[in-house]
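Listing of coords.cif, mmCIF, C-alpha atoms, pLDDT in the B column; chains and numbers go by the auth columns
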data_upload
#
loop_
_atom_site.group_PDB
_atom_site.id
_atom_site.type_symbol
_atom_site.label_atom_id
_atom_site.label_comp_id
_atom_site.label_asym_id
_atom_site.label_seq_id
_atom_site.Cartn_x
_atom_site.Cartn_y
_atom_site.Cartn_z
_atom_site.B_iso_or_equiv
_atom_site.auth_seq_id
_atom_site.auth_asym_id
ATOM 1 C CA MET A 1 0.000 0.000 0.000 45.00 54 A
ATOM 2 C CA ALA A 2 1.311 3.510 -0.789 45.00 55 A
ATOM 3 C CA ALA A 3 1.857 5.897 2.106 45.00 56 A
ATOM 4 C CA SER A 4 -0.779 8.275 0.683 46.00 57 A
ATOM 5 C CA GLU A 5 -3.385 5.476 0.755 47.00 58 A
ATOM 6 C CA GLY A 6 -2.536 4.663 4.385 47.00 59 A
ATOM 7 C CA ALA A 7 -2.891 8.333 5.328 45.00 60 A
ATOM 8 C CA ARG A 8 -6.263 8.526 3.550 48.00 61 A
ATOM 9 C CA LEU A 9 -7.568 5.554 5.512 39.00 62 A
ATOM 10 C CA PHE A 10 -6.311 7.035 8.750 41.00 63 A
ATOM 11 C CA TRP A 11 -8.136 10.338 8.211 42.00 64 A
ATOM 12 C CA ARG A 12 -11.227 8.411 7.081 49.00 65 A
ATOM 13 C CA GLY A 13 -11.145 6.638 10.459 48.00 66 A
ATOM 14 C CA GLU A 14 -10.905 9.994 12.233 48.00 67 A
ATOM 15 C CA GLU A 15 -13.968 11.218 10.320 49.00 68 A
ATOM 16 C CA MET A 16 -15.855 8.099 11.381 46.00 69 A
ATOM 17 C CA ILE A 17 -15.020 8.756 15.026 43.00 70 A
ATOM 18 C CA HIS A 18 -16.332 12.334 14.792 47.00 71 A
ATOM 19 C CA SER A 19 -19.423 11.123 12.944 48.00 72 A
ATOM 20 C CA ASN A 20 -20.071 8.483 15.601 47.00 73 A
ATOM 21 C CA GLU A 21 -19.728 11.065 18.374 48.00 74 A
ATOM 22 C CA ALA A 22 -22.214 13.322 16.573 46.00 75 A
ATOM 23 C CA ASN A 23 -24.681 10.440 16.220 46.00 76 A
ATOM 24 C CA GLN A 24 -24.294 9.708 19.890 46.00 77 A
ATOM 25 C CA ARG A 25 -25.179 13.310 20.782 45.00 78 A
ATOM 26 C CA ARG A 26 -28.241 13.211 18.486 43.00 79 A
ATOM 27 C CA LEU A 27 -29.415 9.932 19.990 39.00 80 A
ATOM 28 C CA GLU A 28 -29.163 11.321 23.473 42.00 81 A
ATOM 29 C CA GLY A 29 -31.876 13.865 22.535 43.00 82 A
ATOM 30 C CA LYS A 30 -34.378 11.270 21.257 42.00 83 A
ATOM 31 C CA HIS A 31 -36.604 8.839 23.115 41.00 84 A
ATOM 32 C CA PHE A 32 -35.373 5.353 22.259 39.00 85 A
ATOM 33 C CA PRO A 33 -35.462 2.462 24.625 42.00 86 A
ATOM 34 C CA GLN A 34 -32.262 2.641 26.687 42.00 87 A
ATOM 35 C CA ARG A 35 -31.081 -0.829 25.673 40.00 88 A
ATOM 36 C CA SER A 36 -31.541 -0.179 21.921 42.00 89 A
ATOM 37 C CA GLN A 37 -29.728 3.146 22.137 43.00 90 A
ATOM 38 C CA CYS A 38 -26.755 1.624 24.004 42.00 91 A
ATOM 39 C CA SER A 39 -26.570 -1.340 21.655 44.00 92 A
ATOM 40 C CA PHE A 40 -26.472 0.917 18.584 41.00 93 A
ATOM 41 C CA ILE A 41 -23.685 3.093 20.022 41.00 94 A
ATOM 42 C CA GLN A 42 -21.635 0.101 21.118 49.00 95 A
ATOM 43 C CA ASN A 43 -21.871 -1.460 17.652 47.00 96 A
ATOM 44 C CA CYS A 44 -20.751 1.797 16.029 43.00 97 A
ATOM 45 C CA ASN A 45 -17.802 2.073 18.387 47.00 98 A
ATOM 46 C CA LYS A 46 -16.741 -1.510 17.641 49.00 99 A
ATOM 47 C CA PHE A 47 -16.918 -0.851 13.889 45.00 100 A
ATOM 48 C CA VAL A 48 -14.771 2.281 14.116 41.00 101 A
ATOM 49 C CA LYS A 49 -12.182 0.556 16.314 47.00 102 A
ATOM 50 C CA MET A 50 -11.924 -2.309 13.849 46.00 103 A
ATOM 51 C CA LYS A 51 -11.297 0.119 10.967 47.00 104 A
ATOM 52 C CA LEU A 52 -8.641 2.021 12.896 42.00 105 A
ATOM 53 C CA ALA A 53 -6.890 -1.195 13.885 47.00 106 A
ATOM 54 C CA ALA A 54 -6.712 -2.234 10.231 46.00 107 A
ATOM 55 C CA VAL A 55 -5.231 1.137 9.240 40.00 108 A
ATOM 56 C CA ALA A 56 -2.666 0.897 12.044 46.00 109 A
ATOM 57 C CA LEU A 57 -1.519 -2.481 10.733 46.00 110 A
ATOM 58 C CA MET A 58 -1.200 -1.266 7.144 45.00 111 A
ATOM 59 C CA LEU A 59 0.601 2.037 7.770 41.00 112 A
ATOM 60 C CA PRO A 60 4.004 0.535 8.764 43.00 113 A
ATOM 61 C CA ALA A 61 4.049 -1.553 5.605 42.00 114 A
ATOM 62 C CA ALA A 62 3.321 1.536 3.529 38.00 115 A
ATOM 63 C CA VAL A 63 5.970 3.624 5.181 36.00 116 A
ATOM 64 C CA SER A 64 8.593 0.865 4.979 40.00 117 A
ATOM 65 C CA GLY A 65 8.624 1.172 1.207 42.00 118 A
ATOM 66 C CA PHE A 66 10.317 4.536 1.475 35.00 119 A
ATOM 67 C CA ALA A 67 14.038 5.113 2.139 37.00 120 A
ATOM 68 C CA PHE A 68 15.904 8.322 2.919 33.00 121 A
ATOM 69 C CA THR A 69 18.483 9.114 0.277 37.00 122 A
ATOM 70 C CA PRO A 70 20.945 11.837 1.300 36.00 123 A
ATOM 71 C CA ALA A 71 21.823 14.459 -1.255 36.00 124 A
ATOM 72 C CA LYS A 72 25.059 13.877 -3.079 35.00 125 A
ATOM 73 C CA SER A 73 27.774 16.309 -2.102 33.00 126 A
ATOM 74 C CA ALA A 74 29.156 18.506 -4.809 37.00 127 A
ATOM 75 C CA GLY A 75 32.748 18.336 -5.929 38.00 128 A
ATOM 76 C CA ARG A 76 35.408 15.688 -5.808 44.00 129 A
ATOM 77 C CA THR A 77 35.778 13.393 -2.851 43.00 130 A
ATOM 78 C CA PHE A 78 38.585 11.139 -1.695 43.00 131 A
ATOM 79 C CA THR A 79 38.776 8.009 0.360 43.00 132 A
ATOM 80 C CA THR A 80 41.013 9.286 3.089 40.00 133 A
ATOM 81 C CA SER A 81 42.165 6.067 4.692 43.00 134 A
ATOM 82 C CA LEU A 82 44.895 5.887 7.332 44.00 135 A
ATOM 83 C CA ASN A 83 43.632 8.978 9.160 48.00 136 A
ATOM 84 C CA GLY A 84 43.516 11.174 6.078 91.00 137 A
ATOM 85 C CA ALA A 85 46.764 10.478 4.234 96.00 138 A
ATOM 86 C CA ILE A 86 47.329 11.206 0.564 98.00 139 A
ATOM 87 C CA VAL A 87 50.200 10.986 -1.920 98.00 140 A
ATOM 88 C CA TYR A 88 50.821 14.148 -3.952 98.00 141 A
ATOM 89 C CA TYR A 89 53.238 13.890 -6.861 98.00 142 A
ATOM 90 C CA SER A 90 54.011 15.374 -10.248 97.00 143 A
ATOM 91 C CA THR A 91 55.881 13.760 -13.106 96.00 144 A
ATOM 92 C CA SER A 92 57.444 14.372 -16.509 93.00 145 A
ATOM 93 C CA THR A 93 58.345 10.906 -17.786 95.00 146 A
ATOM 94 C CA GLY A 94 56.099 8.779 -15.566 96.00 147 A
ATOM 95 C CA ASN A 95 58.830 7.533 -13.211 97.00 148 A
ATOM 96 C CA THR A 96 57.607 9.579 -10.244 98.00 149 A
ATOM 97 C CA GLU A 97 54.053 8.413 -10.857 98.00 150 A
ATOM 98 C CA THR A 98 55.287 4.822 -10.799 98.00 151 A
ATOM 99 C CA VAL A 99 56.947 5.315 -7.418 98.00 152 A
ATOM 100 C CA ALA A 100 53.896 7.234 -6.135 98.00 153 A
ATOM 101 C CA THR A 101 51.781 4.209 -7.052 98.00 154 A
ATOM 102 C CA TYR A 102 54.071 1.881 -5.087 98.00 155 A
ATOM 103 C CA ILE A 103 53.720 4.176 -2.072 98.00 156 A
ATOM 104 C CA LYS A 104 49.968 4.541 -2.481 98.00 157 A
ATOM 105 C CA ASP A 105 49.473 0.784 -2.686 98.00 158 A
ATOM 106 C CA ALA A 106 51.638 0.148 0.382 98.00 159 A
ATOM 107 C CA ALA A 107 49.853 2.825 2.417 97.00 160 A
ATOM 108 C CA GLY A 108 46.338 2.111 1.169 96.00 161 A
ATOM 109 C CA CYS A 109 45.553 5.754 0.450 96.00 162 A
ATOM 110 C CA GLU A 110 44.774 8.008 -2.516 95.00 163 A
ATOM 111 C CA MET A 111 47.234 9.709 -4.860 97.00 164 A
ATOM 112 C CA GLU A 112 46.872 12.801 -7.032 98.00 165 A
ATOM 113 C CA ASP A 113 48.961 15.022 -9.271 98.00 166 A
ATOM 114 C CA ILE A 114 49.635 18.203 -7.308 98.00 167 A
ATOM 115 C CA GLY A 115 48.704 20.211 -10.392 97.00 168 A
ATOM 116 C CA ASN A 116 45.084 19.078 -9.942 97.00 169 A
ATOM 117 C CA ALA A 117 44.844 19.725 -6.201 96.00 170 A
ATOM 118 C CA SER A 118 43.125 22.776 -4.702 95.00 171 A
ATOM 119 C CA GLU A 119 44.311 24.625 -1.620 96.00 172 A
ATOM 120 C CA GLY A 120 41.321 23.346 0.360 95.00 173 A
ATOM 121 C CA GLU A 121 41.990 19.726 -0.549 95.00 174 A
ATOM 122 C CA VAL A 122 45.629 19.895 0.480 97.00 175 A
ATOM 123 C CA ALA A 123 44.762 21.574 3.786 96.00 176 A
ATOM 124 C CA GLY A 124 42.060 18.978 4.476 95.00 177 A
ATOM 125 C CA PHE A 125 44.404 16.023 4.944 96.00 178 A
ATOM 126 C CA ASP A 126 46.214 15.168 8.166 95.00 179 A
ATOM 127 C CA SER A 127 49.232 13.513 6.544 98.00 180 A
ATOM 128 C CA LEU A 128 50.829 14.450 3.233 98.00 181 A
ATOM 129 C CA ILE A 129 53.274 12.311 1.268 98.00 182 A
ATOM 130 C CA VAL A 130 54.854 14.548 -1.368 98.00 183 A
ATOM 131 C CA GLY A 131 57.240 13.578 -4.137 98.00 184 A
ATOM 132 C CA ALA A 132 58.946 15.019 -7.207 98.00 185 A
ATOM 133 C CA PRO A 133 61.584 14.302 -9.847 97.00 186 A
ATOM 134 C CA THR A 134 64.568 16.591 -10.457 95.00 187 A
ATOM 135 C CA TRP A 135 64.974 18.217 -13.873 92.00 188 A
ATOM 136 C CA HIS A 136 66.497 21.618 -13.183 90.00 189 A
ATOM 137 C CA THR A 137 69.767 20.264 -11.847 84.00 190 A
ATOM 138 C CA GLY A 138 71.856 22.720 -9.900 85.00 191 A
ATOM 139 C CA ALA A 139 68.965 25.177 -9.431 87.00 192 A
ATOM 140 C CA ASP A 140 68.297 26.801 -6.073 90.00 193 A
ATOM 141 C CA GLU A 141 64.517 26.717 -6.583 92.00 194 A
ATOM 142 C CA GLN A 142 61.896 25.277 -8.936 93.00 195 A
ATOM 143 C CA ARG A 143 64.084 22.212 -9.325 95.00 196 A
ATOM 144 C CA SER A 144 61.505 19.651 -10.413 95.00 197 A
ATOM 145 C CA GLY A 145 60.400 21.079 -13.771 94.00 198 A
ATOM 146 C CA THR A 146 56.820 19.966 -12.985 97.00 199 A
ATOM 147 C CA ALA A 147 53.648 21.419 -11.473 97.00 200 A
ATOM 148 C CA TRP A 148 55.443 21.492 -8.123 98.00 201 A
ATOM 149 C CA ASP A 149 57.395 24.566 -9.266 97.00 202 A
ATOM 150 C CA ASP A 150 54.267 26.733 -9.375 96.00 203 A
ATOM 151 C CA PHE A 151 52.635 25.093 -6.368 98.00 204 A
ATOM 152 C CA LEU A 152 55.587 25.594 -4.032 97.00 205 A
ATOM 153 C CA TYR A 153 55.965 29.308 -4.743 97.00 206 A
ATOM 154 C CA ASP A 154 52.463 30.460 -5.720 97.00 207 A
ATOM 155 C CA THR A 155 50.072 28.182 -3.794 97.00 208 A
ATOM 156 C CA LEU A 156 51.856 26.761 -0.765 98.00 209 A
ATOM 157 C CA PRO A 157 52.413 30.189 0.864 97.00 210 A
ATOM 158 C CA ASN A 158 48.618 30.640 1.035 96.00 211 A
ATOM 159 C CA ILE A 159 47.862 27.348 2.850 97.00 212 A
ATOM 160 C CA ASP A 160 47.919 26.900 6.629 97.00 213 A
ATOM 161 C CA LEU A 161 49.729 23.606 7.199 97.00 214 A
ATOM 162 C CA GLU A 162 50.967 24.233 10.727 97.00 215 A
ATOM 163 C CA GLY A 163 51.371 20.897 12.532 97.00 216 A
ATOM 164 C CA LYS A 164 50.585 18.728 9.492 97.00 217 A
ATOM 165 C CA LYS A 165 52.549 15.514 9.060 98.00 218 A
ATOM 166 C CA VAL A 166 54.643 15.464 5.880 98.00 219 A
ATOM 167 C CA ALA A 167 56.885 12.800 4.357 98.00 220 A
ATOM 168 C CA VAL A 168 58.958 13.402 1.220 98.00 221 A
ATOM 169 C CA PHE A 169 60.058 11.142 -1.601 98.00 222 A
ATOM 170 C CA GLY A 170 62.158 11.876 -4.645 98.00 223 A
ATOM 171 C CA VAL A 171 63.032 10.227 -7.953 98.00 224 A
ATOM 172 C CA GLY A 172 66.415 10.781 -9.611 97.00 225 A
ATOM 173 C CA ASP A 173 69.133 9.371 -11.829 96.00 226 A
ATOM 174 C CA GLN A 174 72.365 8.502 -10.010 95.00 227 A
ATOM 175 C CA GLY A 175 74.122 7.510 -13.225 94.00 228 A
ATOM 176 C CA GLY A 176 73.347 10.625 -15.257 94.00 229 A
ATOM 177 C CA TYR A 177 73.048 13.221 -12.486 94.00 230 A
ATOM 178 C CA GLY A 178 75.005 11.866 -9.549 94.00 231 A
ATOM 179 C CA ASP A 179 75.959 15.394 -8.439 95.00 232 A
ATOM 180 C CA ASN A 180 72.315 16.498 -8.122 95.00 233 A
ATOM 181 C CA PHE A 181 70.565 13.297 -7.106 97.00 234 A
ATOM 182 C CA CYS A 182 66.946 13.993 -6.071 97.00 235 A
ATOM 183 C CA ASP A 183 67.624 17.692 -5.388 97.00 236 A
ATOM 184 C CA ALA A 184 63.917 18.552 -5.770 97.00 237 A
ATOM 185 C CA ALA A 185 63.086 16.326 -2.789 98.00 238 A
ATOM 186 C CA GLY A 186 65.298 18.575 -0.701 97.00 239 A
ATOM 187 C CA GLU A 187 63.314 21.580 -1.932 97.00 240 A
ATOM 188 C CA LEU A 188 60.055 19.927 -0.887 98.00 241 A
ATOM 189 C CA TYR A 189 61.482 19.181 2.538 98.00 242 A
ATOM 190 C CA ASP A 190 62.737 22.728 3.077 98.00 243 A
ATOM 191 C CA LEU A 191 59.543 24.509 2.026 98.00 244 A
ATOM 192 C CA PHE A 192 57.073 22.239 3.824 98.00 245 A
ATOM 193 C CA SER A 193 59.251 22.351 6.918 98.00 246 A
ATOM 194 C CA ALA A 194 59.227 26.161 6.741 98.00 247 A
ATOM 195 C CA LYS A 195 55.402 26.038 6.822 97.00 248 A
ATOM 196 C CA GLY A 196 55.497 24.476 10.289 98.00 249 A
ATOM 197 C CA CYS A 197 54.937 20.899 9.182 98.00 250 A
ATOM 198 C CA ASN A 198 56.250 17.944 11.161 98.00 251 A
ATOM 199 C CA MET A 199 58.619 16.036 8.891 98.00 252 A
ATOM 200 C CA PHE A 200 58.795 12.225 8.916 98.00 253 A
ATOM 201 C CA GLY A 201 60.541 9.386 7.127 98.00 254 A
ATOM 202 C CA LEU A 202 64.254 10.236 6.889 98.00 255 A
ATOM 203 C CA THR A 203 66.247 7.307 5.453 98.00 256 A
ATOM 204 C CA SER A 204 69.803 6.035 5.185 98.00 257 A
ATOM 205 C CA THR A 205 71.978 6.852 2.163 97.00 258 A
ATOM 206 C CA ASP A 206 73.368 3.305 2.159 97.00 259 A
ATOM 207 C CA GLY A 207 72.861 1.373 -1.049 96.00 260 A
ATOM 208 C CA TYR A 208 72.994 4.399 -3.356 97.00 261 A
ATOM 209 C CA ASP A 209 75.743 5.416 -5.775 94.00 262 A
ATOM 210 C CA HIS A 210 75.638 9.199 -6.016 95.00 263 A
ATOM 211 C CA THR A 211 78.139 11.978 -5.376 94.00 264 A
ATOM 212 C CA GLU A 212 76.027 14.783 -3.922 95.00 265 A
ATOM 213 C CA SER A 213 72.404 15.625 -3.155 96.00 266 A
ATOM 214 C CA LYS A 214 70.462 18.600 -1.793 96.00 267 A
ATOM 215 C CA ALA A 215 68.072 15.997 -0.378 97.00 268 A
ATOM 216 C CA GLU A 216 70.463 15.113 2.446 97.00 269 A
ATOM 217 C CA VAL A 217 70.186 16.433 6.021 95.00 270 A
ATOM 218 C CA ASP A 218 72.682 15.423 8.701 94.00 271 A
ATOM 219 C CA GLY A 219 73.933 12.482 6.657 95.00 272 A
ATOM 220 C CA LYS A 220 70.452 11.126 5.849 98.00 273 A
ATOM 221 C CA PHE A 221 68.054 11.499 2.980 98.00 274 A
ATOM 222 C CA VAL A 222 65.074 13.731 3.792 98.00 275 A
ATOM 223 C CA GLY A 223 62.788 10.861 2.784 98.00 276 A
ATOM 224 C CA LEU A 224 62.526 7.957 0.350 98.00 277 A
ATOM 225 C CA MET A 225 64.778 8.259 -2.710 98.00 278 A
ATOM 226 C CA CYS A 226 64.268 6.053 -5.764 98.00 279 A
ATOM 227 C CA ASP A 227 66.120 5.649 -9.041 98.00 280 A
ATOM 228 C CA GLU A 228 63.908 4.224 -11.789 97.00 281 A
ATOM 229 C CA ASP A 229 66.777 4.439 -14.295 96.00 282 A
ATOM 230 C CA ASN A 230 69.438 2.453 -12.457 97.00 283 A
ATOM 231 C CA GLN A 231 67.703 0.716 -9.514 97.00 284 A
ATOM 232 C CA TYR A 232 64.115 0.300 -10.721 97.00 285 A
ATOM 233 C CA ASP A 233 63.992 -3.225 -9.327 98.00 286 A
ATOM 234 C CA GLN A 234 64.409 -1.869 -5.789 98.00 287 A
ATOM 235 C CA SER A 235 61.770 0.871 -5.872 98.00 288 A
ATOM 236 C CA GLU A 236 58.744 -1.151 -4.822 98.00 289 A
ATOM 237 C CA GLY A 237 60.540 -2.838 -1.939 98.00 290 A
ATOM 238 C CA ARG A 238 61.961 0.496 -0.777 98.00 291 A
ATOM 239 C CA ALA A 239 58.482 2.006 -0.869 98.00 292 A
ATOM 240 C CA GLN A 240 57.022 -0.803 1.219 98.00 293 A
ATOM 241 C CA ALA A 241 59.816 -0.582 3.790 98.00 294 A
ATOM 242 C CA TRP A 242 59.405 3.195 3.971 98.00 295 A
ATOM 243 C CA ILE A 243 55.668 2.984 4.621 98.00 296 A
ATOM 244 C CA ALA A 244 56.338 0.461 7.392 98.00 297 A
ATOM 245 C CA GLN A 245 58.823 2.942 8.871 98.00 298 A
ATOM 246 C CA LEU A 246 56.277 5.781 8.679 98.00 299 A
ATOM 247 C CA LYS A 247 53.729 3.656 10.513 97.00 300 A
ATOM 248 C CA GLU A 248 56.234 3.000 13.284 98.00 301 A
ATOM 249 C CA GLU A 249 56.962 6.722 13.500 98.00 302 A
ATOM 250 C CA GLY A 250 53.266 7.514 13.993 96.00 303 A
ATOM 251 C CA PHE A 251 52.827 9.243 10.664 97.00 304 A
ATOM 252 C CA PHE A 252 49.464 7.601 9.945 93.00 305 A
#

In C-alpha cells, write the structure found in this file.
Amino acid sequence: MAASEGARLFWRGEEMIHSNEANQRRLEGKHFPQRSQCSFIQNCNKFVKMKLAAVALMLPAAVSGFAFTPAKSAGRTFTTSLNGAIVYYSTSTGNTETVATYIKDAAGCEMEDIGNASEGEVAGFDSLIVGAPTWHTGADEQRSGTAWDDFLYDTLPNIDLEGKKVAVFGVGDQGGYGDNFCDAAGELYDLFSAKGCNMFGLTSTDGYDHTESKAEVDGKFVGLMCDEDNQYDQSEGRAQAWIAQLKEEGFF
C-alpha cells in the first residue's frame, strides 16, 4: 500500500469517530429504549475501532517502502584512509608516478597530481606524502620542472599547514646526475618544513651510488629516494619498507 493510501484511511477513520460522536449526541436527545440506544452506540464504536486497527496495521508496511536518500555532495571526494593520508606527486616521464603508485598501494591511500589539487583539498588532509623528480639540476629553486614549481611558490604560501605531518620522496638518476641526485626532494622538505609541518621518514643513504644531493640532512636522505633508471627493481621494496617505517613513526 502507498503511504498516501494509508494516510487517507487514517483520516477516514478519524472522520468516522467524529461522525459516531455526533450520532451519539443526536441519539441522546431522542426517546429510544435505553437498551436499543446503548446497543447501537456500542456497535458503532466496535466498527470504528476495527477500521482504525486495520489502518494501524497497514501504515508501517506503507511507510517501509520509502528510504531516505541523502543528497550527493558537490565536488570531488577522496577516500582518506589511514587517518587522512594522501600521496601528492608530479611527473614528466612517468617515473615519479610509478613510485607514487608503489607508495599509495603500500599505504592504502589516494594519490593525485599536485597540479590538480586545490588549496582546500591539500589543507584537508592530516598527513601528506609529497614527491617530485629533479629536472632543473643545480637550481636553487623550482628544481623539479613539474607542477610542483608553481605550487611551491604560488600556492603553498597561502595554505595553513601548521602541525601537518609530511613525508617526502624523490626520484632521480644517479648515473646521469650523480651530483644532483633527487635535489627537488630537498626543496620539498625545506619549504614544507618552513610552513610548520612535522617532517617524517628520513632514510639512510646506504645502497645508493651518487656523489652529492640537496636531499640530504645530517647524513640522511630527507625521505625515500628512488632511481627508476638504475635501480628500478628496488623501488617497490623500498616504498614498502618506507611505509612500514612511517607507521612506526606515527605518521598515519

- Which neighbours of A:Leu277 fall inside 10 Å, counting only C-alpha atoms, when residues of the same chain fewer than 2 positions from it are skipped, and could you give them as a list in words? Val152, Ile156, Gly184, Ala220, Val221, Phe222, Gly223, Val224, Cys235, Ala238, Gly254, Leu255, Thr256, Ser257, Thr258, Ala268, Phe274, Val275, Cys279, Ser288, Arg291, Ala292, Ala294, Trp295 and Ile296 of chain A

For the residues in the current selection, export C-alpha atoms as a PDB file, in the frame of the given file.
ATOM      1  CA  VAL A 152      56.947   5.315  -7.418  1.00 98.00           C
ATOM      2  CA  ILE A 156      53.720   4.176  -2.072  1.00 98.00           C
ATOM      3  CA  GLY A 184      57.240  13.578  -4.137  1.00 98.00           C
ATOM      4  CA  ALA A 220      56.885  12.800   4.357  1.00 98.00           C
ATOM      5  CA  VAL A 221      58.958  13.402   1.220  1.00 98.00           C
ATOM      6  CA  PHE A 222      60.058  11.142  -1.601  1.00 98.00           C
ATOM      7  CA  GLY A 223      62.158  11.876  -4.645  1.00 98.00           C
ATOM      8  CA  VAL A 224      63.032  10.227  -7.953  1.00 98.00           C
ATOM      9  CA  CYS A 235      66.946  13.993  -6.071  1.00 97.00           C
ATOM     10  CA  ALA A 238      63.086  16.326  -2.789  1.00 98.00           C
ATOM     11  CA  GLY A 254      60.541   9.386   7.127  1.00 98.00           C
ATOM     12  CA  LEU A 255      64.254  10.236   6.889  1.00 98.00           C
ATOM     13  CA  THR A 256      66.247   7.307   5.453  1.00 98.00           C
ATOM     14  CA  SER A 257      69.803   6.035   5.185  1.00 98.00           C
ATOM     15  CA  THR A 258      71.978   6.852   2.163  1.00 97.00           C
ATOM     16  CA  ALA A 268      68.072  15.997  -0.378  1.00 97.00           C
ATOM     17  CA  PHE A 274      68.054  11.499   2.980  1.00 98.00           C
ATOM     18  CA  VAL A 275      65.074  13.731   3.792  1.00 98.00           C
ATOM     19  CA  CYS A 279      64.268   6.053  -5.764  1.00 98.00           C
ATOM     20  CA  SER A 288      61.770   0.871  -5.872  1.00 98.00           C
ATOM     21  CA  ARG A 291      61.961   0.496  -0.777  1.00 98.00           C
ATOM     22  CA  ALA A 292      58.482   2.006  -0.869  1.00 98.00           C
ATOM     23  CA  ALA A 294      59.816  -0.582   3.790  1.00 98.00           C
ATOM     24  CA  TRP A 295      59.405   3.195   3.971  1.00 98.00           C
ATOM     25  CA  ILE A 296      55.668   2.984   4.621  1.00 98.00           C
TER      26      ILE A 296
END

As AutoDock Vina command-line options: centre and edge lengths in Å, one decimal, of the axis-aligned box holding stretch 167-179 of chain A with 8 Å per side:
--center_x 45.5 --center_y 19.9 --center_z -1.1 --size_x 24.3 --size_y 25.5 --size_z 34.6

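Running the PyMOL selection byres ((chain A and resi 168-172) around 10) on this file leaves Tyr141, Tyr142, Ser143, Glu165, Asp166, Ile167, Gly173, Glu174, Val175, Ala176, Gly177, Thr199, Ala200, Trp201, Asp202, Asp203, Phe204, Thr208, Leu209, Asn211, Ile212 and Asp213 of chain A selected.
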
- How would you write, as number ranges by chain, the residues chosen by the PyMOL selection byres ((chain A and resi 138) around 10) on this structure? A: 132-137, 139-141, 157, 160-164, 177-182, 218-219, 304-305

- Between atom CA of A:His189 and atom CA of A:Ser246 - distance in Å to one decimal: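 Computed distance, atom CA of A:Ser246 to atom CA of A:His189, equals 21.4 Å.
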
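For the atom pair formed by atom CA of A:Val183 and atom CA of A:Leu214, the distance is 13.5 Å, given to one decimal.
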
- In Å to one decimal, how far is atom CA of A:Ala237 from atom CA of A:Met278? 10.8 Å

- Query: Using all atoms listed in the file, which of A:Leu299, A:Leu205, A:Gln293, A:His263 sits nearest A:Ala159?
  - Reply: A:Gln293

- May I ask which of the residues A:Asp193, A:Asp226, A:Asp158, A:Asp280 is the closest one to A:Asp243, counting all atoms listed in the file?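 For A:Asp243, the nearest of the given residues is A:Asp193.
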
- Please return, as a PyMOL selection string, all polymer residues that have at least one atom within 12 Å of the point (61.7, 2.0, -12.5); use all atoms listed in the file and the file's own coordinate frame. chain A and resi 146-155+224-226+279-291
